[in-house]
>>> print(open('entry.cif').read())   # mmCIF, C-alpha atoms
data_entry
#
loop_
_atom_site.label_atom_id
_atom_site.label_comp_id
_atom_site.auth_asym_id
_atom_site.auth_seq_id
_atom_site.Cartn_x
_atom_site.Cartn_y
_atom_site.Cartn_z
CA MET A 1 256.84 90.35 246.99
CA ASN A 2 259.18 93.33 246.89
CA TRP A 3 257.37 95.95 244.77
CA LYS A 4 260.48 98.14 244.61
CA THR A 5 262.17 95.54 242.43
CA GLU A 6 259.17 93.91 240.77
CA TRP A 7 257.25 96.92 239.43
CA LYS A 8 259.28 97.09 236.22
CA PRO A 9 258.59 93.47 235.14
CA LEU A 10 254.92 93.99 236.07
CA PHE A 11 254.74 97.19 234.01
CA TRP A 12 256.18 95.50 230.91
CA ILE A 13 253.90 92.47 231.30
CA ILE A 14 250.86 94.76 231.45
CA PHE A 15 252.11 96.88 228.57
CA VAL A 16 252.78 93.90 226.27
CA PHE A 17 249.46 92.32 227.23
CA ALA A 18 247.59 95.56 226.48
CA VAL A 19 249.29 95.87 223.08
CA CYS A 20 248.37 92.27 222.21
CA PHE A 21 244.81 92.67 223.54
CA PHE A 22 243.99 95.88 221.67
CA MET A 23 246.13 95.33 218.56
CA PRO A 24 244.03 96.24 215.49
CA VAL A 25 245.27 93.35 213.37
CA GLU A 26 242.20 93.62 211.12
CA ALA A 27 243.28 97.07 209.91
CA PRO A 28 244.86 96.91 206.40
CA ARG A 29 247.70 99.30 207.37
CA VAL A 30 248.65 97.17 210.37
CA GLN A 31 248.64 94.01 208.27
CA ALA A 32 250.73 95.74 205.60
CA ALA A 33 253.16 97.02 208.23
CA ILE A 34 253.65 93.52 209.66
CA ILE A 35 254.28 92.13 206.18
CA GLU A 36 256.74 94.96 205.49
CA SER A 37 258.65 94.14 208.69
CA LEU A 38 258.99 90.52 207.57
CA TYR A 39 260.13 91.61 204.11
CA LEU A 40 262.68 93.93 205.72
CA VAL A 41 264.04 91.16 207.94
CA LYS A 42 264.25 88.83 204.94
CA TRP A 43 266.08 91.46 202.89
CA TYR A 44 268.37 92.22 205.84
CA ALA A 45 269.21 88.53 206.27
CA GLN A 46 269.92 88.08 202.56
CA GLU A 47 271.92 91.26 201.99
CA HIS A 48 273.65 92.03 205.28
CA VAL A 49 274.01 89.14 207.69
CA LEU A 50 276.26 86.96 205.52
CA LEU A 51 278.18 89.59 203.58
CA CYS A 52 278.39 92.34 206.22
CA LEU A 53 277.89 91.07 209.74
CA VAL A 54 279.67 87.72 209.58
CA PRO A 55 282.98 89.22 208.35
CA ALA A 56 282.56 91.97 210.95
CA PHE A 57 282.11 89.36 213.70
CA PHE A 58 285.32 87.62 212.62
CA ILE A 59 287.21 90.93 212.57
CA ALA A 60 285.89 91.83 216.03
CA GLY A 61 286.88 88.39 217.32
CA ALA A 62 290.34 88.83 215.82
CA VAL A 63 290.70 92.19 217.57
CA ALA A 64 289.96 90.50 220.90
CA VAL A 65 292.47 87.69 220.28
CA PHE A 66 295.30 89.07 218.16
CA VAL A 67 295.46 92.72 219.24
CA SER A 68 296.93 93.17 222.69
CA GLN A 69 295.07 95.25 225.22
CA ALA A 70 298.22 97.28 225.75
CA ALA A 71 298.25 98.23 222.05
CA VAL A 72 294.59 99.34 222.14
CA MET A 73 295.25 101.38 225.26
CA LYS A 74 298.34 102.93 223.69
CA TYR A 75 296.60 104.19 220.54
CA LEU A 76 292.92 104.51 221.51
CA GLY A 77 292.87 104.37 225.31
CA PRO A 78 292.10 107.24 227.71
CA THR A 79 295.78 108.16 227.96
CA ALA A 80 296.48 107.92 224.21
CA ASN A 81 297.60 110.89 222.14
CA LYS A 82 294.33 112.72 221.47
CA ILE A 83 295.26 113.95 217.99
CA LEU A 84 296.24 110.45 216.88
CA ALA A 85 293.28 108.70 218.55
CA TYR A 86 290.55 111.03 217.31
CA GLY A 87 292.23 111.55 213.94
CA VAL A 88 292.29 107.84 213.15
CA ALA A 89 288.80 107.18 214.54
CA SER A 90 287.18 110.09 212.69
CA VAL A 91 288.26 108.97 209.20
CA SER A 92 287.87 105.22 209.64
CA GLY A 93 284.73 105.22 207.50
CA THR A 94 286.71 106.04 204.37
CA ILE A 95 288.12 102.50 204.61
CA LEU A 96 285.12 100.63 206.01
CA ALA A 97 282.13 100.68 203.65
CA VAL A 98 279.75 99.54 206.38
CA CYS A 99 276.27 100.39 207.65
CA SER A 100 275.16 101.36 211.16
CA CYS A 101 274.76 97.70 212.14
CA THR A 102 277.94 96.26 210.62
CA ILE A 103 280.09 98.72 212.59
CA LEU A 104 278.74 97.41 215.91
CA PRO A 105 280.90 94.27 216.35
CA LEU A 106 284.01 96.30 215.52
CA PHE A 107 283.03 99.03 217.98
CA ALA A 108 282.21 96.48 220.69
CA GLY A 109 285.57 94.79 220.11
CA ILE A 110 287.77 97.86 220.55
CA TYR A 111 285.64 99.24 223.41
CA ARG A 112 285.80 95.97 225.32
CA MET A 113 289.57 95.89 224.80
CA GLY A 114 289.97 99.20 226.62
CA ALA A 115 289.58 101.94 224.00
CA GLY A 116 288.61 105.30 225.47
CA LEU A 117 284.95 106.25 225.28
CA GLY A 118 285.69 109.30 223.12
CA PRO A 119 287.73 107.58 220.37
CA ALA A 120 285.40 104.56 220.45
CA CYS A 121 282.34 106.78 219.91
CA ALA A 122 284.14 108.72 217.17
CA PHE A 123 284.82 105.38 215.46
CA LEU A 124 281.21 104.27 216.03
CA TYR A 125 279.87 107.38 214.29
CA SER A 126 282.43 107.71 211.51
CA GLY A 127 282.42 104.06 210.43
CA PRO A 128 279.10 104.17 208.55
CA ALA A 129 278.96 107.96 208.07
CA ILE A 130 282.05 108.59 205.92
CA ASN A 131 281.77 105.86 203.32
CA ILE A 132 283.73 107.39 200.43
CA LEU A 133 281.50 105.82 197.77
CA ALA A 134 278.41 107.24 199.50
CA ILE A 135 280.02 110.69 199.62
CA VAL A 136 280.75 110.55 195.88
CA LEU A 137 277.22 109.30 195.14
CA THR A 138 275.75 112.09 197.26
CA ALA A 139 277.74 114.72 195.37
CA ARG A 140 276.75 113.25 191.99
CA ILE A 141 273.02 112.92 192.66
CA LEU A 142 272.23 115.57 195.28
CA GLY A 143 274.82 118.16 194.27
CA PRO A 144 278.49 118.85 195.11
CA GLU A 145 277.60 121.20 197.98
CA MET A 146 275.63 118.40 199.67
CA GLY A 147 278.47 115.91 199.16
CA ILE A 148 281.08 118.28 200.57
CA ALA A 149 278.85 119.24 203.50
CA ARG A 150 278.24 115.57 204.28
CA ALA A 151 281.94 114.69 204.21
CA VAL A 152 283.11 117.67 206.27
CA GLY A 153 280.17 117.44 208.66
CA ALA A 154 280.67 113.72 209.29
CA ILE A 155 284.37 114.09 210.14
CA LEU A 156 283.71 117.06 212.44
CA PHE A 157 280.76 115.21 213.99
CA ALA A 158 282.92 112.21 214.83
CA ILE A 159 285.55 114.35 216.56
CA ILE A 160 283.11 116.61 218.42
CA ILE A 161 280.84 113.76 219.53
CA GLY A 162 283.86 111.80 220.74
CA LEU A 163 285.21 114.78 222.69
CA LEU A 164 281.81 115.53 224.23
CA MET A 165 281.26 111.90 225.24
CA HIS A 166 284.69 111.96 226.89
CA PHE A 167 283.79 115.22 228.66
CA PHE A 168 280.37 114.11 229.91
CA PHE A 169 281.77 110.85 231.30
CA ARG A 170 285.21 112.20 232.21
CA HIS A 171 285.13 110.76 235.73
CA GLU A 172 284.70 107.21 234.42
CA GLU A 173 287.39 107.88 231.83
CA ALA A 174 289.69 109.17 234.56
CA ASP A 175 289.27 105.88 236.43
CA LYS A 176 290.08 103.98 233.24
CA ALA A 177 293.12 106.18 232.64
CA ALA A 178 294.31 105.59 236.19
CA ALA A 179 294.15 101.84 235.64
CA ALA A 180 295.89 102.01 232.26
CA PRO A 181 299.52 102.24 233.52
CA ILE A 182 299.03 99.03 235.49
CA MET A 183 298.73 97.07 232.25
CA GLY A 184 302.07 95.92 231.00
CA ALA A 185 302.98 95.81 227.35
CA ASP A 186 302.03 92.45 225.93
CA GLU A 187 304.62 90.79 223.80
CA ALA A 188 303.40 90.23 220.28
CA GLY A 189 303.40 86.64 219.13
CA ARG A 190 304.28 87.69 215.59
CA PRO A 191 305.62 90.80 213.84
CA LEU A 192 303.32 93.81 213.61
CA TRP A 193 303.37 93.79 209.80
CA GLN A 194 301.98 90.24 209.75
CA THR A 195 299.11 91.21 212.03
CA ALA A 196 298.45 94.31 209.90
CA LEU A 197 298.27 92.26 206.69
CA TYR A 198 296.05 89.70 208.40
CA PHE A 199 293.53 92.41 209.37
CA ALA A 200 293.87 94.11 205.98
CA SER A 201 292.81 90.89 204.24
CA MET A 202 289.68 90.59 206.38
CA VAL A 203 288.80 94.28 205.94
CA GLY A 204 289.31 93.85 202.19
CA ILE A 205 286.85 90.95 202.18
CA LEU A 206 284.31 93.01 204.12
CA VAL A 207 284.65 96.09 201.91
CA PHE A 208 284.66 94.51 198.44
CA ALA A 209 282.07 91.81 199.13
CA ASN A 210 279.66 94.67 199.89
CA TRP A 211 280.72 97.06 197.13
CA GLY A 212 277.52 98.72 195.88
CA LYS A 213 276.39 98.92 192.28
CA THR A 214 276.55 102.33 190.63
CA GLU A 215 274.07 103.78 188.15
CA GLU A 216 276.83 104.37 185.60
CA THR A 217 278.10 101.62 183.29
CA SER A 218 281.69 102.84 183.06
CA GLY A 219 284.36 104.48 185.16
CA LEU A 220 286.40 103.46 188.19
CA TRP A 221 283.53 102.67 190.58
CA TYR A 222 281.76 100.51 188.01
CA ALA A 223 285.02 98.69 187.20
CA ILE A 224 285.54 97.90 190.88
CA TYR A 225 281.94 96.72 191.19
CA SER A 226 282.32 94.47 188.14
CA ALA A 227 285.42 92.89 189.65
CA LYS A 228 284.22 92.84 193.27
CA TRP A 229 284.10 89.05 193.61
CA ILE A 230 287.49 88.61 191.93
CA ILE A 231 288.98 91.13 194.35
CA THR A 232 287.18 89.50 197.29
CA SER A 233 288.53 86.10 196.23
CA ALA A 234 292.06 87.51 196.09
CA PHE A 235 291.76 88.78 199.65
CA SER A 236 290.30 85.42 200.70
CA ILE A 237 293.21 83.52 199.17
CA ALA A 238 295.64 85.87 200.90
CA LEU A 239 293.87 85.25 204.23
CA GLY A 240 294.06 81.48 203.65
CA VAL A 241 297.79 81.63 202.94
CA MET A 242 298.37 83.63 206.13
CA LEU A 243 296.32 81.19 208.22
CA ALA A 244 298.23 78.27 206.72
CA THR A 245 301.69 79.73 207.30
CA TRP A 246 301.74 82.33 210.08
CA PHE A 247 299.02 80.67 212.17
CA GLN A 248 300.28 77.13 211.58
CA LEU A 249 296.97 75.65 210.41
CA GLY A 250 298.51 73.82 207.50
CA LEU A 251 297.84 74.25 203.80
CA VAL A 252 295.95 70.93 203.51
CA ARG A 253 293.40 72.00 206.14
CA ILE A 254 292.90 75.37 204.49
CA LEU A 255 292.31 73.70 201.12
CA LEU A 256 289.81 71.28 202.65
CA ALA A 257 287.99 74.12 204.41
CA SER A 258 287.75 76.11 201.17
CA LEU A 259 286.70 73.11 199.05
CA SER A 260 282.97 73.78 199.58
CA ALA A 261 283.44 77.41 198.47
CA VAL A 262 285.25 76.32 195.31
CA LEU A 263 282.54 73.76 194.49
CA ALA A 264 279.83 76.37 195.00
CA ALA A 265 281.65 78.71 192.64
CA PHE A 266 281.62 76.06 189.90
CA ILE A 267 278.05 74.86 190.50
CA ALA A 268 276.44 78.31 190.80
CA PRO A 269 278.81 80.90 189.29
CA GLN A 270 275.90 83.33 188.92
CA HIS A 271 275.54 83.40 192.74
CA PRO A 272 279.01 84.22 194.12
CA GLU A 273 277.47 85.01 197.50
CA LEU A 274 276.89 81.24 197.92
CA SER A 275 280.61 80.62 197.51
CA PHE A 276 281.25 83.33 200.08
CA THR A 277 278.80 81.68 202.49
CA PHE A 278 280.35 78.22 202.16
CA GLY A 279 283.78 79.77 202.64
CA VAL A 280 282.63 81.27 205.95
CA ILE A 281 281.23 77.90 207.01
CA GLY A 282 284.52 76.23 206.12
CA LEU A 283 286.52 78.79 208.08
CA SER A 284 284.25 78.36 211.09
CA THR A 285 284.61 74.59 210.95
CA LEU A 286 288.37 74.84 210.63
CA SER A 287 288.58 77.18 213.61
CA ASN A 288 286.56 74.80 215.77
CA LEU A 289 288.34 71.53 214.98
CA LYS A 290 289.41 69.55 218.03
CA SER A 291 293.09 70.06 217.22
CA THR A 292 292.76 73.85 217.00
CA ARG A 293 289.94 74.97 219.29
CA GLU A 294 292.28 75.20 222.29
CA GLY A 295 294.71 77.43 220.39
CA GLU A 296 294.50 80.84 218.74
CA MET A 297 292.09 79.72 216.05
CA GLY A 298 289.67 78.24 218.52
CA GLU A 299 289.86 81.36 220.65
CA TRP A 300 289.25 83.50 217.56
CA PHE A 301 286.13 81.51 216.67
CA ASN A 302 284.84 81.63 220.28
CA GLU A 303 285.24 85.40 220.46
CA SER A 304 283.54 85.85 217.08
CA TRP A 305 280.69 83.59 218.15
CA ASP A 306 280.35 85.52 221.42
CA PHE A 307 279.86 88.77 219.50
CA ALA A 308 277.39 87.10 217.13
CA LYS A 309 275.13 85.60 219.78
CA LYS A 310 275.00 88.87 221.75
CA ILE A 311 274.51 91.29 218.86
CA LEU A 312 272.58 89.48 216.12
CA PRO A 313 269.32 88.79 218.05
CA LEU A 314 269.07 92.46 219.08
CA LEU A 315 269.68 93.59 215.51
CA LEU A 316 266.97 91.33 214.09
CA ILE A 317 264.47 92.47 216.73
CA GLY A 318 265.33 96.08 215.93
CA VAL A 319 264.91 95.51 212.20
CA LEU A 320 261.47 93.97 212.82
CA ILE A 321 260.34 96.97 214.88
CA ALA A 322 261.77 99.45 212.37
CA GLY A 323 259.98 97.60 209.55
CA VAL A 324 256.62 97.78 211.33
CA LEU A 325 256.96 101.51 212.01
CA LEU A 326 258.75 102.76 208.89
CA GLY A 327 258.57 99.98 206.31
CA ARG A 328 261.15 99.38 203.61
CA PRO A 329 262.54 101.96 201.17
CA GLY A 330 259.66 102.63 198.80
CA HIS A 331 257.11 100.84 201.01
CA GLU A 332 255.17 102.20 203.97
CA GLY A 333 254.88 100.91 207.51
CA LEU A 334 252.54 102.28 210.19
CA ILE A 335 253.89 105.80 209.65
CA PRO A 336 252.73 107.13 206.22
CA SER A 337 255.50 108.49 204.02
CA SER A 338 253.28 111.49 203.21
CA TRP A 339 253.58 112.56 206.84
CA VAL A 340 257.35 112.43 206.59
CA ALA A 341 257.41 114.48 203.37
CA SER A 342 255.05 117.11 204.83
CA LEU A 343 257.14 117.52 207.99
CA VAL A 344 260.53 118.10 206.36
CA GLY A 345 259.75 120.98 204.03
CA GLY A 346 261.47 124.34 204.44
CA ASN A 347 264.29 124.97 206.92
CA SER A 348 262.57 125.36 210.28
CA VAL A 349 263.88 123.96 213.54
CA GLY A 350 261.02 121.47 213.56
CA ALA A 351 261.75 120.24 210.04
CA ASN A 352 265.43 119.72 210.76
CA LEU A 353 264.75 118.10 214.12
CA PHE A 354 262.19 115.74 212.62
CA ALA A 355 264.59 114.79 209.83
CA SER A 356 267.29 114.04 212.40
CA VAL A 357 264.99 111.92 214.58
CA PHE A 358 263.45 110.13 211.60
CA GLY A 359 266.89 109.41 210.15
CA ALA A 360 268.21 108.22 213.51
CA PHE A 361 265.50 105.60 213.94
CA MET A 362 265.14 104.40 210.34
CA TYR A 363 267.53 101.74 209.06
CA PHE A 364 269.55 102.72 205.98
CA ALA A 365 271.69 100.14 204.25
CA THR A 366 274.90 101.46 202.71
CA LEU A 367 274.13 103.85 199.80
CA THR A 368 270.32 103.50 200.07
CA GLU A 369 269.97 106.84 201.85
CA VAL A 370 270.85 108.75 198.66
CA PRO A 371 267.97 107.57 196.40
CA ILE A 372 265.56 107.83 199.35
CA LEU A 373 266.61 111.44 199.89
CA GLN A 374 266.32 112.12 196.17
CA GLY A 375 262.68 111.08 196.34
CA LEU A 376 262.02 113.13 199.49
CA ILE A 377 263.63 116.24 197.98
CA GLY A 378 261.44 115.76 194.92
CA ALA A 379 258.44 115.67 197.29
CA GLY A 380 259.42 119.03 198.81
CA MET A 381 262.09 118.26 201.43
CA GLY A 382 264.36 121.22 202.20
CA LYS A 383 268.13 121.06 201.76
CA GLY A 384 268.74 121.64 205.46
CA PRO A 385 266.60 118.71 206.62
CA ALA A 386 268.14 116.60 203.84
CA LEU A 387 271.64 117.17 205.26
CA ALA A 388 270.35 116.58 208.80
CA LEU A 389 269.00 113.19 207.71
CA LEU A 390 272.26 112.37 205.91
CA LEU A 391 274.29 113.10 209.04
CA ALA A 392 272.01 111.23 211.46
CA GLY A 393 270.60 108.41 209.33
CA PRO A 394 273.54 106.28 208.16
CA ALA A 395 275.24 106.39 211.59
CA LEU A 396 272.21 105.42 213.68
CA SER A 397 269.18 103.15 213.50
CA LEU A 398 266.82 101.51 215.97
CA PRO A 399 268.66 98.13 215.75
CA ASN A 400 271.95 100.01 216.17
CA MET A 401 270.69 101.72 219.35
CA LEU A 402 269.60 98.44 220.94
CA VAL A 403 273.08 96.98 220.53
CA ILE A 404 274.90 100.15 221.64
CA ARG A 405 272.81 100.03 224.82
CA SER A 406 273.99 96.48 225.52
CA VAL A 407 277.62 97.62 225.15
CA MET A 408 277.69 101.06 226.79
CA GLY A 409 274.56 101.10 228.97
CA ASN A 410 271.47 103.29 228.95
CA LYS A 411 273.00 106.63 229.96
CA LYS A 412 275.90 106.67 227.49
CA THR A 413 273.67 105.44 224.66
CA LEU A 414 271.07 108.14 225.33
CA VAL A 415 273.73 110.87 225.38
CA PHE A 416 275.35 109.56 222.17
CA VAL A 417 272.02 109.42 220.30
CA LEU A 418 270.97 112.88 221.51
CA LEU A 419 274.32 114.36 220.48
CA VAL A 420 273.93 112.99 216.96
CA MET A 421 270.37 114.30 216.68
CA VAL A 422 271.13 117.77 218.07
CA MET A 423 274.26 118.27 215.98
CA ALA A 424 272.50 117.03 212.83
CA THR A 425 269.67 119.49 213.48
CA ILE A 426 272.06 122.42 213.97
CA SER A 427 274.05 121.47 210.86
CA GLY A 428 270.86 121.27 208.81
CA LEU A 429 269.75 124.72 209.98
CA ILE A 430 273.10 126.27 209.03
CA PHE A 431 273.27 124.49 205.67
CA GLY A 432 269.68 125.37 204.82
CA ALA A 433 270.29 129.03 205.66
CA ILE A 434 273.33 129.16 203.36
CA PHE A 435 271.94 127.18 200.42
#
>>> encode(input="entry.cif", output="structure tokens")
Amino acid sequence: MNWKTEWKPLFWIIFVFAVCFFMPVEAPRVQAAIIESLYLVKWYAQEHVLLCLVPAFFIAGAVAVFVSQAAVMKYLGPTANKILAYGVASVSGTILAVCSCTILPLFAGIYRMGAGLGPACAFLYSGPAINILAIVLTARILGPEMGIARAVGAILFAIIIGLLMHFFFRHEEADKAAAAPIMGADEAGRPLWQTALYFASMVGILVFANWGKTEETSGLWYAIYSAKWIITSAFSIALGVMLATWFQLGLVRILLASLSAVLAAFIAPQHPELSFTFGVIGLSTLSNLKSTREGEMGEWFNESWDFAKKILPLLLIGVLIAGVLLGRPGHEGLIPSSWVASLVGGNSVGANLFASVFGAFMYFATLTEVPILQGLIGAGMGKGPALALLLAGPALSLPNMLVIRSVMGNKKTLVFVLLVMVMATISGLIFGAIF
């Protein structure tokens, strides 16, 4: 036996065995934490896998199939115009109302296609951090100064983190840039405007299917929420028409694939998410028919499935671990919420650092961070730590880190996470000193 290569497996076997052997399962807090982790996974599966992750997987698969590598390298690659690349990546979250997990397939798609590390990391951070509805909700509930600080800080974070990631790994980026001119410009199979509309329809489905409910019963945001499934259906119909015409699938096939979604809408109109689910199943079946699986549609499905099987298991494992340690919003895991509240008071370095680390590891679904922070502020949390948590929490989570590691590797993931934590801590200190 070669101990130089086998000590790591042996260490983990001993560690896992020791945890299982000494696990205090009889303790009420441990039992409650395990139950909370299962509740969190159930909630995650119901609220995020079908409506968030599945559309994101299809979009990521479409990026791999329908966007040429030359185009990605031109606009987001190491040799791309820096102002354009970082400018687009840093404000992408205003369009994508996604959480730290939903952004992962999209990030993995553009990174695998050749996007530079800097723009890709800027996109990875900004996607969940600059949700325009969350910014508005933050300003309404936590105050306009907090909303403005969150919006400005998130955009600056995305750019600075992207630039620093590029700087720290500049030698690898230089190698990628040297290889970029070798790639010839791929000829597009269809006009650019058709591809743009095709992606816009899928992004529209992702955004409006997950549009969050507001506390108000009137106004623009409430009107959009009330019509979210009508708007989502309109984008779905548009996508079906495009697949039938531009992608030569045929209108009859599209209608057959969507038949289950239509039936679900009539049978259970009070559960539109069921119609959405059957529509996804129909689209998957259509993409994998014998007559199409060798063409673009089959390739699209295969790429989407490849992202799903690599990312989803890691996310679910991460959600389980996060549930055991931190519980659900409003419910405790192994770590008591009173500890958290006591550690984030005032505006010390320790309070801001703890808020950044806590936010980075806890999973926040889109918009849930605002009411959680409202409760923590009521329990004595300082404004500085509150901003630090807002800047670190939505963009990172334990499940998110596990998947980033599988895409970028240990070193890049560690640097990215540390950059987010350190910058969130510094921002919290400055904000707390001013306000």
>>> closest_residue(input="entry.cif", among="A:Pro119, A:Ser397, A:Leu259, A:Leu418", to="Leu84 of chain A", atoms="all atoms listed in the file")
A:Pro119
>>> closest_residue(input="entry.cif", among="A:Gly350, A:Gly153, A:Pro105, A:Pro272", to="Pro55 of chain A", atoms="all atoms listed in the file")
A:Pro105
>>> resolve_selection(input="entry.cif", expression="the PyMOL selection byres ((chain A and resi 400) around 8)", output="PyMOL selection string")
chain A and resi 100-101+104+315+318+396-399+401-404
>>> resolve_selection(input="entry.cif", expression="the PyMOL selection byres ((chain A and resi 208) around 10)", output="MDAnalysis selection string")
chainID A and resid 51 96:97 203:207 209:212 224:225 227:233 235
>>> write_last_selection(input="entry.cif", atoms="C-alpha atoms", output="PDB file, in the coordinates of the input")
ATOM      1  CA  LEU A  51     278.180  89.590 203.580  1.00  0.00           C
ATOM      2  CA  LEU A  96     285.120 100.630 206.010  1.00  0.00           C
ATOM      3  CA  ALA A  97     282.130 100.680 203.650  1.00  0.00           C
ATOM      4  CA  VAL A 203     288.800  94.280 205.940  1.00  0.00           C
ATOM      5  CA  GLY A 204     289.310  93.850 202.190  1.00  0.00           C
ATOM      6  CA  ILE A 205     286.850  90.950 202.180  1.00  0.00           C
ATOM      7  CA  LEU A 206     284.310  93.010 204.120  1.00  0.00           C
ATOM      8  CA  VAL A 207     284.650  96.090 201.910  1.00  0.00           C
ATOM      9  CA  ALA A 209     282.070  91.810 199.130  1.00  0.00           C
ATOM     10  CA  ASN A 210     279.660  94.670 199.890  1.00  0.00           C
ATOM     11  CA  TRP A 211     280.720  97.060 197.130  1.00  0.00           C
ATOM     12  CA  GLY A 212     277.520  98.720 195.880  1.00  0.00           C
ATOM     13  CA  ILE A 224     285.540  97.900 190.880  1.00  0.00           C
ATOM     14  CA  TYR A 225     281.940  96.720 191.190  1.00  0.00           C
ATOM     15  CA  ALA A 227     285.420  92.890 189.650  1.00  0.00           C
ATOM     16  CA  LYS A 228     284.220  92.840 193.270  1.00  0.00           C
ATOM     17  CA  TRP A 229     284.100  89.050 193.610  1.00  0.00           C
ATOM     18  CA  ILE A 230     287.490  88.610 191.930  1.00  0.00           C
ATOM     19  CA  ILE A 231     288.980  91.130 194.350  1.00  0.00           C
ATOM     20  CA  THR A 232     287.180  89.500 197.290  1.00  0.00           C
ATOM     21  CA  SER A 233     288.530  86.100 196.230  1.00  0.00           C
ATOM     22  CA  PHE A 235     291.760  88.780 199.650  1.00  0.00           C
TER      23      PHE A 235
END
>>> residues_around(input="entry.cif", residues="Val63 of chain A", least_positions_apart="6", cutoff="9 Å", atoms="all atoms listed in the file", output="PDB file with C-alpha atoms, keeping the file's coordinate frame")
ATOM      1  CA  LEU A 106     284.010  96.300 215.520  1.00  0.00           C
ATOM      2  CA  GLY A 109     285.570  94.790 220.110  1.00  0.00           C
ATOM      3  CA  ILE A 110     287.770  97.860 220.550  1.00  0.00           C
ATOM      4  CA  MET A 113     289.570  95.890 224.800  1.00  0.00           C
ATOM      5  CA  PHE A 199     293.530  92.410 209.370  1.00  0.00           C
ATOM      6  CA  TRP A 300     289.250  83.500 217.560  1.00  0.00           C
TER       7      TRP A 300
END
>>> resolve_selection(input="entry.cif", expression="the PyMOL selection byres ((chain A and resi 198) around 10)", output="PyMOL selection string")
chain A and resi 59+62+66+192-197+199-203+235+238-243+246
>>> atom_distance(input="entry.cif", atom1="atom CA of Ala261 of chain A", atom2="atom CA of Phe278 of chain A")
4.9 Å
>>> atom_distance(input="entry.cif", atom1="atom CA of Ala33 of chain A", atom2="atom CA of Val370 of chain A")
23.3 Å
>>> closest_residue(input="entry.cif", among="A:Val88, A:Ala264, A:Ile34, A:Met165", to="Leu334 of chain A", atoms="all atoms listed in the file")
A:Ile34
>>> atom_distance(input="entry.cif", atom1="atom CA of Ala351 of chain A", atom2="atom CA of Leu414 of chain A")
21.6 Å
>>> closest_residue(input="entry.cif", among="A:Ile267, A:Leu314, A:Leu376, A:Val357", to="Ser338 of chain A", atoms="all atoms listed in the file")
A:Leu376
